[in-house]
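Colleague: Next comes the structure file target.txt, holding compact mmCIF, C-alpha atoms.
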```
# COMPACT_ATOMS: atom_id res chain seq x y z
CA MET A 1 0.00 0.00 0.00
CA SER A 2 1.17 3.52 -0.78
CA ALA A 3 2.20 5.39 2.36
CA ASN A 4 -0.07 8.37 1.65
CA LYS A 5 -3.21 6.34 0.88
CA HIS A 6 -5.92 4.88 3.08
CA SER A 7 -6.17 1.09 2.83
CA LEU A 8 -9.63 -0.12 1.77
CA VAL A 9 -11.15 -3.60 1.57
CA ILE A 10 -14.27 -4.28 -0.49
CA VAL A 11 -16.76 -6.71 1.00
CA GLY A 12 -18.81 -8.10 -1.87
CA PHE A 13 -16.80 -8.23 -5.10
CA GLY A 14 -19.70 -8.53 -7.53
CA GLY A 15 -20.81 -5.96 -10.08
CA MET A 16 -20.81 -2.93 -7.79
CA GLY A 17 -17.82 -4.01 -5.72
CA SER A 18 -15.62 -4.51 -8.79
CA TYR A 19 -16.92 -1.22 -10.23
CA HIS A 20 -15.83 0.59 -7.07
CA SER A 21 -12.38 -0.97 -7.40
CA LYS A 22 -12.01 0.46 -10.92
CA LEU A 23 -13.07 3.96 -9.80
CA ILE A 24 -10.83 3.95 -6.75
CA LYS A 25 -7.79 3.05 -8.89
CA ASP A 26 -7.86 6.66 -10.11
CA ASN A 27 -8.13 8.10 -6.60
CA SER A 28 -5.05 9.56 -4.96
CA ARG A 29 -6.37 9.18 -1.40
CA LEU A 30 -7.77 5.63 -1.18
CA GLU A 31 -6.31 2.30 -2.25
CA VAL A 32 -8.10 -1.03 -2.59
CA THR A 33 -5.79 -3.60 -1.00
CA GLY A 34 -8.14 -6.54 -0.63
CA THR A 35 -11.60 -8.04 -0.96
CA PHE A 36 -13.83 -10.56 0.73
CA ASP A 37 -16.58 -12.50 -1.01
CA LEU A 38 -18.33 -15.79 -0.28
CA LEU A 39 -18.22 -16.90 -3.94
CA GLU A 40 -15.15 -18.64 -5.27
CA ASP A 41 -15.30 -17.10 -8.76
CA ARG A 42 -15.27 -13.63 -7.25
CA ARG A 43 -12.35 -14.51 -4.99
CA LYS A 44 -10.48 -15.68 -8.07
CA ALA A 45 -11.36 -12.46 -9.92
CA SER A 46 -10.05 -10.46 -6.97
CA VAL A 47 -6.69 -12.22 -6.99
CA GLU A 48 -6.43 -11.81 -10.76
CA ALA A 49 -7.03 -8.07 -10.26
CA GLY A 50 -4.06 -7.96 -7.88
CA TYR A 51 -5.89 -7.79 -4.55
CA THR A 52 -5.60 -9.88 -1.41
CA SER A 53 -8.60 -12.21 -1.13
CA TYR A 54 -9.42 -12.67 2.54
CA SER A 55 -10.69 -16.11 3.55
CA SER A 56 -13.17 -14.75 6.08
CA PHE A 57 -14.72 -11.47 7.18
CA ASP A 58 -13.20 -11.95 10.63
CA GLN A 59 -9.79 -11.95 8.95
CA VAL A 60 -10.58 -8.56 7.42
CA LEU A 61 -11.65 -7.17 10.79
CA ALA A 62 -8.52 -8.48 12.48
CA ASP A 63 -6.12 -6.91 9.96
CA PRO A 64 -4.77 -3.70 11.55
CA SER A 65 -3.63 -2.36 8.18
CA VAL A 66 -7.22 -2.08 6.93
CA GLU A 67 -8.61 1.40 7.58
CA VAL A 68 -11.79 1.35 5.48
CA ILE A 69 -14.38 -1.29 4.61
CA LEU A 70 -16.61 -0.71 1.58
CA ILE A 71 -19.83 -2.76 1.68
CA ALA A 72 -21.22 -3.85 -1.70
CA THR A 73 -23.35 -6.83 -0.69
CA PRO A 74 -27.09 -7.53 -0.86
CA ASN A 75 -29.00 -5.02 1.25
CA ASP A 76 -30.10 -7.32 4.07
CA VAL A 77 -26.57 -7.80 5.45
CA HIS A 78 -25.42 -4.16 5.29
CA LYS A 79 -26.22 -3.46 8.95
CA ASP A 80 -24.43 -6.46 10.47
CA ILE A 81 -21.32 -5.95 8.35
CA ALA A 82 -21.21 -2.20 9.07
CA VAL A 83 -21.70 -2.60 12.83
CA SER A 84 -18.97 -5.25 13.03
CA ALA A 85 -16.59 -3.10 10.99
CA LEU A 86 -17.23 0.03 13.05
CA ARG A 87 -16.73 -1.86 16.31
CA ALA A 88 -13.44 -3.21 14.90
CA GLY A 89 -12.26 0.38 14.43
CA LYS A 90 -12.78 0.58 10.67
CA HIS A 91 -14.36 3.45 8.75
CA VAL A 92 -17.24 2.33 6.51
CA ILE A 93 -18.55 3.21 3.05
CA CYS A 94 -21.87 1.47 2.43
CA GLU A 95 -23.71 1.01 -0.83
CA LYS A 96 -27.28 2.23 -1.00
CA PRO A 97 -29.78 1.60 0.36
CA VAL A 98 -27.66 1.69 3.48
CA ALA A 99 -30.11 -0.51 5.38
CA MET A 100 -33.38 -2.39 5.01
CA ASN A 101 -35.24 0.27 6.98
CA SER A 102 -34.72 3.43 9.02
CA GLN A 103 -34.53 1.59 12.34
CA GLU A 104 -31.56 -0.47 11.15
CA PHE A 105 -29.79 2.67 9.93
CA GLU A 106 -30.43 4.47 13.22
CA GLU A 107 -28.66 1.59 14.97
CA MET A 108 -25.74 1.89 12.55
CA ILE A 109 -25.50 5.65 13.15
CA ALA A 110 -25.48 5.08 16.90
CA VAL A 111 -22.53 2.67 16.62
CA SER A 112 -20.69 5.14 14.36
CA LYS A 113 -21.06 7.84 17.00
CA GLU A 114 -20.14 5.45 19.81
CA THR A 115 -16.95 4.26 18.10
CA GLY A 116 -15.96 7.59 16.54
CA ARG A 117 -15.61 5.92 13.15
CA THR A 118 -17.01 7.41 9.93
CA LEU A 119 -20.03 5.84 8.24
CA MET A 120 -20.97 7.25 4.81
CA VAL A 121 -23.55 6.12 2.26
CA ASN A 122 -22.53 5.98 -1.40
CA GLN A 123 -25.36 8.10 -2.84
CA ASN A 124 -23.20 8.48 -5.92
CA ARG A 125 -25.92 9.79 -8.24
CA ARG A 126 -25.71 13.19 -6.62
CA TRP A 127 -22.76 13.49 -9.03
CA ASP A 128 -24.73 12.48 -12.17
CA GLU A 129 -24.42 15.26 -14.75
CA ASP A 130 -28.11 15.22 -15.67
CA PHE A 131 -29.01 15.91 -12.03
CA LEU A 132 -26.29 18.55 -11.72
CA VAL A 133 -27.73 20.39 -14.74
CA ILE A 134 -31.06 20.60 -12.91
CA LYS A 135 -29.27 21.69 -9.74
CA GLU A 136 -27.45 24.43 -11.68
CA MET A 137 -30.71 25.72 -13.17
CA HIS A 138 -32.29 25.73 -9.72
CA ALA A 139 -29.31 27.57 -8.19
CA LYS A 140 -29.14 30.18 -10.98
CA GLY A 141 -32.91 30.60 -11.51
CA THR A 142 -32.52 29.74 -15.21
CA ILE A 143 -36.25 29.05 -15.62
CA GLY A 144 -37.34 31.02 -12.59
CA GLU A 145 -38.56 29.52 -9.35
CA LEU A 146 -39.20 25.79 -9.80
CA PHE A 147 -42.71 24.57 -9.03
CA GLN A 148 -42.98 21.19 -10.77
CA ILE A 149 -40.38 18.44 -11.18
CA GLU A 150 -40.72 15.12 -12.98
CA SER A 151 -37.85 12.65 -12.51
CA ARG A 152 -37.95 9.25 -14.20
CA VAL A 153 -35.82 6.28 -15.16
CA HIS A 154 -37.32 3.73 -17.54
CA GLY A 155 -36.16 0.41 -18.91
CA ALA A 156 -37.73 -2.70 -20.42
CA ASN A 157 -35.49 -5.45 -19.01
CA GLY A 158 -37.38 -6.25 -15.81
CA ILE A 159 -35.67 -6.58 -12.42
CA PRO A 160 -31.96 -7.37 -12.85
CA GLY A 161 -29.93 -10.10 -11.19
CA ASP A 162 -31.04 -12.66 -8.64
CA TRP A 163 -31.38 -11.32 -5.08
CA ARG A 164 -33.09 -8.12 -6.25
CA HIS A 165 -36.18 -10.24 -6.93
CA LEU A 166 -36.44 -11.21 -3.25
CA GLU A 167 -38.03 -9.20 -0.45
CA ALA A 168 -35.84 -10.84 2.21
CA HIS A 169 -32.73 -9.39 0.56
CA GLY A 170 -34.21 -5.91 0.11
CA GLY A 171 -35.02 -6.27 -3.57
CA GLY A 172 -37.35 -4.21 -5.72
CA MET A 173 -37.04 -1.00 -7.68
CA LEU A 174 -38.01 1.41 -4.90
CA LEU A 175 -34.96 0.33 -2.90
CA ASP A 176 -32.80 -0.05 -6.01
CA TRP A 177 -33.40 3.03 -8.18
CA GLY A 178 -35.95 4.87 -6.08
CA VAL A 179 -33.42 5.57 -3.36
CA HIS A 180 -31.29 7.45 -5.92
CA LEU A 181 -34.06 9.60 -7.38
CA LEU A 182 -35.50 10.45 -3.98
CA ASP A 183 -32.07 11.37 -2.64
CA GLN A 184 -31.52 13.69 -5.60
CA LEU A 185 -34.90 15.33 -5.08
CA LEU A 186 -34.47 15.92 -1.35
CA TYR A 187 -30.93 17.21 -1.92
CA LEU A 188 -32.34 19.69 -4.45
CA ILE A 189 -35.47 21.02 -2.70
CA ASP A 190 -34.92 22.87 0.58
CA SER A 191 -38.36 22.34 2.05
CA LYS A 192 -40.26 19.93 4.23
CA ILE A 193 -42.52 17.33 2.64
CA SER A 194 -46.21 17.86 3.31
CA SER A 195 -47.62 14.72 1.66
CA VAL A 196 -46.78 11.74 -0.54
CA SER A 197 -48.97 9.31 -2.42
CA SER A 198 -47.73 6.34 -4.42
CA ARG A 199 -48.43 3.24 -6.43
CA LEU A 200 -46.09 0.26 -6.67
CA SER A 201 -46.11 -1.98 -9.75
CA PHE A 202 -46.05 -5.79 -9.61
CA ILE A 203 -46.72 -6.41 -13.32
CA LEU A 204 -43.94 -9.01 -13.68
CA GLY A 205 -45.23 -11.20 -10.85
CA ASP A 206 -42.27 -10.85 -8.49
CA GLU A 207 -42.74 -10.56 -4.74
CA VAL A 208 -41.09 -7.12 -4.91
CA ASP A 209 -42.01 -4.07 -6.94
CA ASP A 210 -40.83 -3.85 -10.55
CA GLY A 211 -41.48 -0.10 -10.54
CA PHE A 212 -43.37 2.66 -8.80
CA GLU A 213 -44.83 6.14 -9.08
CA ALA A 214 -44.63 8.60 -6.18
CA TYR A 215 -46.19 12.06 -5.99
CA LEU A 216 -44.68 14.46 -3.48
CA HIS A 217 -45.88 17.83 -2.23
CA PHE A 218 -43.48 20.15 -0.42
CA GLU A 219 -44.47 22.89 2.00
CA ASN A 220 -42.92 25.53 -0.29
CA GLY A 221 -45.39 24.64 -3.06
CA VAL A 222 -43.12 22.45 -5.21
CA THR A 223 -44.69 19.24 -6.49
CA ALA A 224 -42.70 16.29 -7.80
CA THR A 225 -43.36 13.07 -9.67
CA VAL A 226 -40.78 10.32 -9.21
CA GLU A 227 -41.14 7.23 -11.37
CA VAL A 228 -39.14 4.06 -11.97
CA GLY A 229 -40.24 1.49 -14.52
CA THR A 230 -38.77 -1.76 -15.84
CA THR A 231 -41.55 -2.53 -18.36
CA ASN A 232 -41.28 0.64 -20.46
CA PHE A 233 -40.47 -0.06 -24.10
CA ILE A 234 -40.74 3.66 -24.84
CA GLN A 235 -39.03 5.89 -22.32
CA LEU A 236 -40.31 9.23 -21.08
CA PRO A 237 -37.75 12.03 -20.50
CA ARG A 238 -35.30 11.66 -17.63
CA TRP A 239 -36.28 15.15 -16.40
CA TYR A 240 -39.14 17.53 -17.15
CA VAL A 241 -38.97 20.66 -14.99
CA LYS A 242 -41.22 23.72 -14.92
CA GLY A 243 -40.39 27.13 -13.49
CA ILE A 244 -42.37 30.35 -13.51
CA GLU A 245 -40.21 31.66 -16.38
CA GLY A 246 -39.79 28.55 -18.51
CA THR A 247 -39.48 24.81 -18.94
CA ALA A 248 -36.51 22.46 -19.23
CA ILE A 249 -36.31 18.93 -20.54
CA ILE A 250 -33.47 16.39 -20.35
CA GLU A 251 -34.19 13.35 -22.47
CA ASP A 252 -31.56 10.96 -21.16
CA TRP A 253 -28.09 10.56 -19.63
CA SER A 254 -26.48 11.88 -22.84
CA LEU A 255 -27.86 15.31 -21.80
CA ALA A 256 -29.98 15.71 -24.92
CA GLY A 257 -32.46 18.43 -24.09
CA LYS A 258 -33.24 22.13 -24.09
CA VAL A 259 -34.44 25.11 -22.09
CA VAL A 260 -37.35 27.28 -23.27
CA THR A 261 -37.95 30.56 -21.43
CA ARG A 262 -40.26 33.52 -21.71
CA ASN A 263 -38.92 36.40 -23.86
CA HIS A 264 -39.67 39.55 -21.86
CA ASP A 265 -38.44 41.77 -24.71
CA SER A 266 -41.06 40.59 -27.17
CA VAL A 267 -44.30 42.41 -27.85
CA LYS A 268 -47.18 40.41 -26.47
CA VAL A 269 -49.33 39.01 -29.27
CA GLU A 270 -52.43 36.92 -28.80
CA PRO A 271 -51.87 33.39 -30.13
CA LYS A 272 -53.84 32.44 -33.20
CA PRO A 273 -56.30 29.57 -32.89
CA ILE A 274 -55.16 26.24 -34.26
CA LYS A 275 -57.17 23.22 -35.31
CA ALA A 276 -56.75 20.51 -32.68
CA GLY A 277 -58.54 17.29 -33.45
CA VAL A 278 -62.04 18.27 -34.50
CA GLY A 279 -61.99 21.60 -32.66
CA LEU A 280 -60.16 24.92 -32.38
CA THR A 281 -57.99 26.13 -29.50
CA LYS A 282 -55.99 29.21 -28.59
CA THR A 283 -55.08 27.82 -25.16
CA MET A 284 -52.99 25.00 -26.59
CA ALA A 285 -51.64 26.90 -29.60
CA PRO A 286 -47.86 27.43 -29.73
CA PRO A 287 -46.57 30.80 -28.44
CA SER A 288 -46.45 33.60 -30.97
CA GLU A 289 -43.20 34.12 -32.86
CA GLY A 290 -40.53 35.65 -30.64
CA ALA A 291 -42.47 35.06 -27.40
CA THR A 292 -39.99 32.45 -26.19
CA ILE A 293 -36.25 31.81 -26.27
CA THR A 294 -34.88 28.30 -26.84
CA GLU A 295 -31.38 27.57 -25.53
CA ALA A 296 -29.09 24.65 -24.82
CA LEU A 297 -28.92 23.16 -21.35
CA PRO A 298 -26.47 24.92 -19.02
CA ALA A 299 -23.26 23.30 -17.83
CA PRO A 300 -23.66 21.07 -14.77
CA TYR A 301 -23.36 22.43 -11.25
CA LYS A 302 -19.83 22.04 -9.88
CA MET A 303 -19.65 19.88 -6.78
CA SER A 304 -17.01 20.86 -4.24
CA SER A 305 -15.50 17.37 -4.21
CA GLY A 306 -15.99 13.86 -5.53
CA PHE A 307 -17.40 11.18 -3.24
CA TYR A 308 -14.14 9.34 -2.53
CA ASP A 309 -12.11 12.51 -1.94
CA ASN A 310 -14.83 13.84 0.35
CA PHE A 311 -14.78 10.58 2.29
CA ALA A 312 -11.00 10.83 2.67
CA ASP A 313 -11.35 14.43 3.86
CA VAL A 314 -13.97 13.35 6.41
CA ILE A 315 -11.88 10.57 7.95
CA GLU A 316 -8.92 12.97 8.07
CA GLY A 317 -11.09 15.49 9.88
CA THR A 318 -10.83 18.29 7.29
CA ALA A 319 -14.38 18.34 5.87
CA GLU A 320 -18.02 17.54 6.51
CA PRO A 321 -19.61 14.70 4.52
CA ILE A 322 -21.43 15.74 1.36
CA VAL A 323 -23.79 12.80 1.94
CA LYS A 324 -24.89 13.26 5.53
CA ASN A 325 -26.36 10.38 7.50
CA THR A 326 -29.36 12.51 8.48
CA GLU A 327 -30.07 12.98 4.76
CA ALA A 328 -29.81 9.25 4.03
CA LEU A 329 -32.07 8.56 7.01
CA ARG A 330 -34.62 11.05 5.68
CA VAL A 331 -34.67 9.20 2.34
CA LEU A 332 -35.24 5.85 4.07
CA LYS A 333 -38.14 7.30 6.03
CA LEU A 334 -39.61 8.70 2.84
CA ILE A 335 -39.31 5.26 1.23
CA GLU A 336 -41.21 3.80 4.17
CA ALA A 337 -43.95 6.40 3.62
CA ILE A 338 -44.11 5.44 -0.07
CA PHE A 339 -44.51 1.76 0.84
CA GLU A 340 -47.23 2.71 3.33
CA SER A 341 -49.11 4.90 0.84
CA SER A 342 -49.11 2.12 -1.75
CA ARG A 343 -50.36 -0.43 0.80
CA SER A 344 -53.07 1.82 2.23
CA LYS A 345 -53.99 3.46 -1.10
CA GLN A 346 -53.99 6.77 0.77
CA ALA A 347 -51.69 9.78 0.94
CA VAL A 348 -49.25 9.92 3.86
CA THR A 349 -49.15 13.33 5.51
CA ASP A 350 -47.46 12.76 8.88
CA PHE A 351 -43.90 13.87 8.19
CA ASP A 352 -43.28 15.97 11.30
CA THR A 353 -41.73 13.00 13.08
CA TYR A 354 -38.61 13.06 10.91
CA GLU A 355 -38.45 16.21 8.77
CA SER A 356 -36.69 17.99 11.64
CA LEU A 357 -33.71 15.67 11.01
CA VAL A 358 -32.39 17.88 8.23
CA LEU A 359 -34.43 21.03 7.88
CA ASN A 360 -34.78 22.42 11.41
```
Write the structure described by the file as structure tokens, please.

Modeller:
Amino acid sequence: MSANKHSLVIVGFGGMGSYHSKLIKDNSRLEVTGTFDLLEDRRKASVEAGYTSYSSFDQVLADPSVEVILIATPNDVHKDIAVSALRAGKHVICEKPVAMNSQEFEEMIAVSKETGRTLMVNQNRRWDEDFLVIKEMHAKGTIGELFQIESRVHGANGIPGDWRHLEAHGGGMLLDWGVHLLDQLLYLIDSKISSVSSRLSFILGDEVDDGFEAYLHFENGVTATVEVGTTNFIQLPRWYVKGIEGTAIIEDWSLAGKVVTRNHDSVKVEPKPIKAGVGLTKTMAPPSEGATITEALPAPYKMSSGFYDNFADVIEGTAEPIVKNTEALRVLKLIEAIFESSRSKQAVTDFDTYESLVLN
């Protein structure tokens, strides 16, 4: 291990664990020195990648050279692995969702405080460029004050993998993709939630949701639609955002899209009626010529640090975490409200019990 790097062991060397190892190779602060996985083919892949393959998790915990444990396992074992690692004096990075429910995560936070070790959740999609474009527009008022946000991810391949089909392992799309979109939304909107209603989809016959729709109302008047689908052969835009001065659309992760805003310098002209179906309408006619300005999407918002560098700063005591545990806990509690709304077929409005976590 390099003398100026923090030694990190990945627990769970599957798709996400090996992906982390590739990203961390380019990091000047952290170094992957080993892995632990129950499956022999993954242990072999770890050795071939040049890492130490530990024979047991206890061996990882007992190694004094290991400073950080990164958890990339199925969701149901996150808590036990994290608690054991923290009590062994290790710092912890945990894949999302950090726990099966908010109570588990509260226990993990308590152990982190008790041991003085850092626990951070890898909510990595706060760094997605499509989200950072929306964050930049919100920060700069590009389309005026936002009042409606639609955030979606769509696919047509069903639920991926094996354990994600199983409730006992924390499968389903709300815990898989929903946790990302909800984290982005709550990171963007500085307001308490007043209500949420939702519908989970079980079209594919799995015991867990293959998609969902959630409708959120914030106390500041912003409304949001968050949708994840795995049976969508035609995708809707990744983002559709309305402000009092314009509208923005981002089609996909390639950042195809545009911004259309009101042109205050134009002379107001009544729109001409158009034929729509078998009738006429002025309401739905396009704006008169020159009434709007169409522009390219702005450059993404600049984050102060990447996730791994921020984590290194935090364990060195020089920065606050960009992904705060109170924020991750708020997302988990929102997910629980979405599950409850879908079960009860009613809106959930009692958010006072946890909104003070972040916003008071």

Colleague: Restricting the calculation to all atoms listed in the file: of A:Thr294, A:Asn157, A:Gln123, A:Ser304, which residue gets closest to Leu181 of chain A?

Modeller: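 The closest residue to Leu181 of chain A is A:Gln123.
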
Colleague: Env of Ser344 of chain A: 10 Å cut, atoms = only C-alpha atoms, seq-sep filter 3 positions within chain, self excluded. Answer as a list of chain:residue names.

Modeller: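 Using only C-alpha atoms, the neighbours found are A:Ser197, A:Ser198, A:Arg199, A:Ile338, A:Phe339, A:Glu340, A:Ser341, A:Ala347, A:Val348.
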
Colleague: One number please: atom CA of Phe57 of chain A to atom CA of Leu70 of chain A, in Å, one decimal.

Modeller: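 Atom-to-atom, atom CA of Phe57 of chain A and atom CA of Leu70 of chain A are spaced 12.3 Å apart.
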
Colleague: Step by step: start from the point (-34.2, 30.4, -26.7) in the file's coordinates, keep every protein, DNA or RNA residue that has an atom no farther than 7 Å from it, count all atoms listed in the file, and write the set as a count of residues only.

Modeller: 6

Colleague: In Å, rounded to a single decimal, give me how far atom CA of Thr349 of chain A is from atom CA of Glu213 of chain A.

Modeller: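 Atom CA of Glu213 of chain A sits 16.8 Å away from atom CA of Thr349 of chain A.
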
Colleague: Do a neighbour search on Glu355 of chain A at 10 Å with all atoms listed in the file, toss out local chain neighbours closer than 5 positions, and write the hits as JSON, numbers by chain.

Modeller: {"A": [191, 192, 193, 194, 326, 327, 330, 333, 334, 350, 360]}

Colleague: Quick one: distance from atom CA of Leu132 of chain A to atom CA of Lys258 of chain A in Å, one decimal?

Modeller: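 These two atoms are separated by 14.6 Å.
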
Colleague: So that I can see what lies close to Val11 of chain A, please list as JSON, numbers by chain the residues with an atom at most 12 Å from it, counting all atoms listed in the file and leaving out residues fewer than 2 positions away in the same chain.

Modeller: {"A": [8, 9, 13, 14, 15, 16, 17, 18, 20, 21, 32, 33, 34, 35, 36, 37, 38, 39, 42, 43, 46, 52, 53, 54, 55, 56, 57, 58, 59, 60, 61, 68, 69, 70, 71, 72, 73, 74, 77, 78, 81, 82, 85, 92, 93, 94, 95]}

Colleague: Compare A:Asp313, A:Asp41, A:Asp176, A:Glu167 by their minimum atom-to-atom distance to Val98 of chain A, counting all atoms listed in the file, and give me the closest one.

Modeller: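 Among the listed residues, A:Asp176 lies closest to Val98 of chain A.
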
Colleague: Restricting the calculation to only C-alpha atoms: of A:Gly257, A:Pro286, A:Pro300, A:Gly161, which residue gets closest to Val241 of chain A?

Modeller: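 Nearest candidate to Val241 of chain A out of A:Gly257, A:Pro286, A:Pro300, A:Gly161: A:Gly257.
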
Colleague: Can you tell me which residues surround Ile322 of chain A at a distance of at most 10 Å, considering all atoms listed in the file, apart from same-chain residues fewer than 4 positions away, and format the answer as a count of residues only?

Modeller: 13

Colleague: Tyr215 of chain A: which residues within 9 Å, counting all atoms listed in the file, same-chain residues fewer than 6 positions away excluded, as a PDB file with C-alpha atoms, in the coordinates of the input?

Modeller:
```pdb
ATOM      1  CA  SER A 195     -47.620  14.720   1.660  1.00  0.00           C
ATOM      2  CA  VAL A 196     -46.780  11.740  -0.540  1.00  0.00           C
ATOM      3  CA  SER A 197     -48.970   9.310  -2.420  1.00  0.00           C
ATOM      4  CA  SER A 198     -47.730   6.340  -4.420  1.00  0.00           C
ATOM      5  CA  THR A 223     -44.690  19.240  -6.490  1.00  0.00           C
ATOM      6  CA  ALA A 224     -42.700  16.290  -7.800  1.00  0.00           C
ATOM      7  CA  THR A 225     -43.360  13.070  -9.670  1.00  0.00           C
ATOM      8  CA  VAL A 226     -40.780  10.320  -9.210  1.00  0.00           C
ATOM      9  CA  GLU A 227     -41.140   7.230 -11.370  1.00  0.00           C
TER      10      GLU A 227
END
```

Colleague: Which is closer to Pro237 of chain A than all the others in A:Thr118, A:Ser254, A:Ser201, A:Ser28, using only C-alpha atoms?

Modeller: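 Selected residue with least distance to Pro237 of chain A: A:Ser254.
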
Colleague: Counting all atoms listed in the file, which of A:Arg152, A:Lys5, A:Lys272, A:Arg343 gets nearest to Ile249 of chain A?

Modeller: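 Between A:Arg152, A:Lys5, A:Lys272, A:Arg343, the residue approaching Ile249 of chain A most closely is A:Arg152.
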
Colleague: Pick out the closest residue to Ala248 of chain A from this set: A:Gly89, A:Gly171, A:Gly155, A:Pro298. Count only C-alpha atoms.

Modeller: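 So, comparing all the options, the nearest one is A:Pro298.
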
Colleague: Return as AutoDock Vina command-line options the centre and edge lengths, in Å with one decimal, of the box along x, y and z that encloses every atom of segment 244-262 of chain A in the file, padded by 4 Å per side.

Modeller:
```
--center_x -34.4 --center_y 22.0 --center_z -19.2 --size_x 23.9 --size_y 31.0 --size_z 19.4
```
